[in-house]
Amino acid sequence: MWRPPTSISFVRCWEPDFHVDGENGHINQYDHFLATVRHAFAVQDIDGDKQPDTLTPAGIIWMQGESDAGDKMIAQRYQANLKRMMDLIHAALRLDYVRVVIGRISDSGKDDYQKDLADGKVLDFGDTVHRAQADFVTQDENAALVETTDAYGYSDPWHYDSPGYLDLGRQFADAVHKCQNEAK
């Protein structure tokens with residue numbers, strides 16, 4: 001499958017079991033996540049006031065799926081992969097209950113980078129990933145789906161423009177905050 005040059009090296013590097021050949025093939029994004037969690041929980045005085053603090057994660061914010069939406073077989077496995085990843089993240093955080101907020105991927109329609117195959121869709125299997133994201137949220141009472149992304153502008157075929165990212169951040173924060181208020 002042809003992909004345009006981007007700064008993203010590996011399409012599936014978020015999967016815990018994904019490895020590639022080469023000098024850094026043993027490292028994936030999940031390994032970086034685990035290292036970050038380990039270091040964050042190791043800090044005893046978060047605010048520098050010489051008093052011990054407790055780090056309590058408020059939620060998991062997940063915005064991913066564009067690369068999965070480019071391949072039919074990968075898109076069909078998205079929900080199972082997402083469930084496994086969220087289970088692993090919950091385990092790493094040592095929390096059974098923490099809000100999962102997923103940003104619904106959206107398609108810019110800017111697929112003119114490959115003119116001979118242009119069909120108005122960058123994410124050929126985006127609908128499959130959309131269903132998987134929605135189904136995951138339906139099956140997990142602690143999950144929410146941010147669905148405002150279809151209205152955002154784009155800086156390139158895959159990335160939102162700055163106003164879109166700012167709104168997405170607000171939507172994520174509102175969804176986590178809503179869950180915290182419901183729990184009280």
# chains A, B, ... in the order shown; residues from 1 in each chain; ligands from 1
>>> select_by_dssp(residues="stretch 16-102 of chain A", states="helix (DSSP H, G or I)", output="mmCIF file with C-alpha atoms, in the first residue's frame")
data_model
loop_
_atom_site.group_PDB
_atom_site.id
_atom_site.type_symbol
_atom_site.label_atom_id
_atom_site.label_comp_id
_atom_site.auth_asym_id
_atom_site.auth_seq_id
_atom_site.Cartn_x
_atom_site.Cartn_y
_atom_site.Cartn_z
ATOM 1 C CA GLN A 29 5.056 3.856 21.281
ATOM 2 C CA TYR A 30 3.702 1.571 23.998
ATOM 3 C CA ASP A 31 7.226 1.157 25.391
ATOM 4 C CA HIS A 32 7.540 4.950 25.546
ATOM 5 C CA PHE A 33 4.175 5.142 27.308
ATOM 6 C CA LEU A 34 5.241 2.616 29.947
ATOM 7 C CA ALA A 35 8.489 4.496 30.588
ATOM 8 C CA THR A 36 6.578 7.765 30.954
ATOM 9 C CA VAL A 37 4.115 6.235 33.431
ATOM 10 C CA ARG A 38 6.925 4.653 35.434
ATOM 11 C CA HIS A 39 8.806 7.957 35.672
ATOM 12 C CA ALA A 40 5.650 9.938 36.499
ATOM 13 C CA PHE A 41 4.686 7.637 39.363
ATOM 14 C CA ALA A 42 8.261 7.674 40.691
ATOM 15 C CA ASP A 68 -5.537 1.992 10.730
ATOM 16 C CA ALA A 69 -8.264 3.363 8.452
ATOM 17 C CA GLY A 70 -6.001 3.002 5.423
ATOM 18 C CA LYS A 72 -9.117 -3.005 5.448
ATOM 19 C CA MET A 73 -7.680 -5.820 7.598
ATOM 20 C CA ILE A 74 -6.133 -3.433 10.121
ATOM 21 C CA ALA A 75 -9.354 -1.390 10.297
ATOM 22 C CA GLN A 76 -11.337 -4.565 10.980
ATOM 23 C CA TYR A 78 -9.230 -1.794 15.334
ATOM 24 C CA GLN A 79 -11.820 -2.414 18.058
ATOM 25 C CA ALA A 80 -10.051 -5.500 19.428
ATOM 26 C CA ASN A 81 -6.712 -3.668 19.329
ATOM 27 C CA LEU A 82 -8.235 -0.629 21.040
ATOM 28 C CA LYS A 83 -9.776 -2.757 23.799
ATOM 29 C CA ARG A 84 -6.478 -4.512 24.404
ATOM 30 C CA MET A 85 -4.594 -1.223 24.492
ATOM 31 C CA MET A 86 -7.041 0.337 26.961
ATOM 32 C CA ASP A 87 -6.832 -2.767 29.175
ATOM 33 C CA LEU A 88 -3.035 -2.506 29.144
ATOM 34 C CA ILE A 89 -3.129 1.220 29.902
ATOM 35 C CA HIS A 90 -5.539 0.660 32.795
ATOM 36 C CA ALA A 91 -3.169 -2.008 34.134
ATOM 37 C CA ALA A 92 -0.139 0.269 33.774
ATOM 38 C CA LEU A 93 -1.983 3.012 35.668
#
>>> atom_distance(atom1="atom CA of A:Asp119", atom2="atom CA of A:Ser67")
17.3 Å
>>> atom_distance(atom1="atom CA of A:Val146", atom2="atom CA of A:Leu55")
25.3 Å
>>> atom_distance(atom1="atom CA of A:Asp156", atom2="atom CA of A:Val101")
24.3 Å
>>> select_by_dssp(residues="stretch 42-172 of chain A", states="strand (DSSP E or B)", output="number ranges by chain")
A: 59-62, 99-103, 143-146, 154, 160
>>> residues_around(residues="A:Trp62", least_positions_apart="2", cutoff="9 Å", atoms="only C-alpha atoms", output="number ranges by chain")
A: 60, 64, 100-103
>>> write_last_selection(atoms="C-alpha atoms", output="JSON list (two decimals), in the first residue's frame")
[["chain", "number", "residue", "atom", "x", "y", "z"],
["A", 60, "ILE", "CA", -7.14, 8.42, 29.14],
["A", 64, "GLN", "CA", -5.65, 7.57, 16.96],
["A", 100, "VAL", "CA", -11.45, 6.81, 28.40],
["A", 101, "VAL", "CA", -12.20, 9.62, 25.97],
["A", 102, "ILE", "CA", -11.75, 8.80, 22.30],
["A", 103, "GLY", "CA", -11.55, 11.38, 19.56]]
>>> closest_residue(among="A:Asp167, A:Asp53, A:Asp174, A:Asp124", to="A:Ser108", atoms="only C-alpha atoms")
A:Asp124
>>> residues_around(residues="A:Gly120", least_positions_apart="5", cutoff="12 Å", atoms="only C-alpha atoms", output="number ranges by chain")
A: 107-115, 157
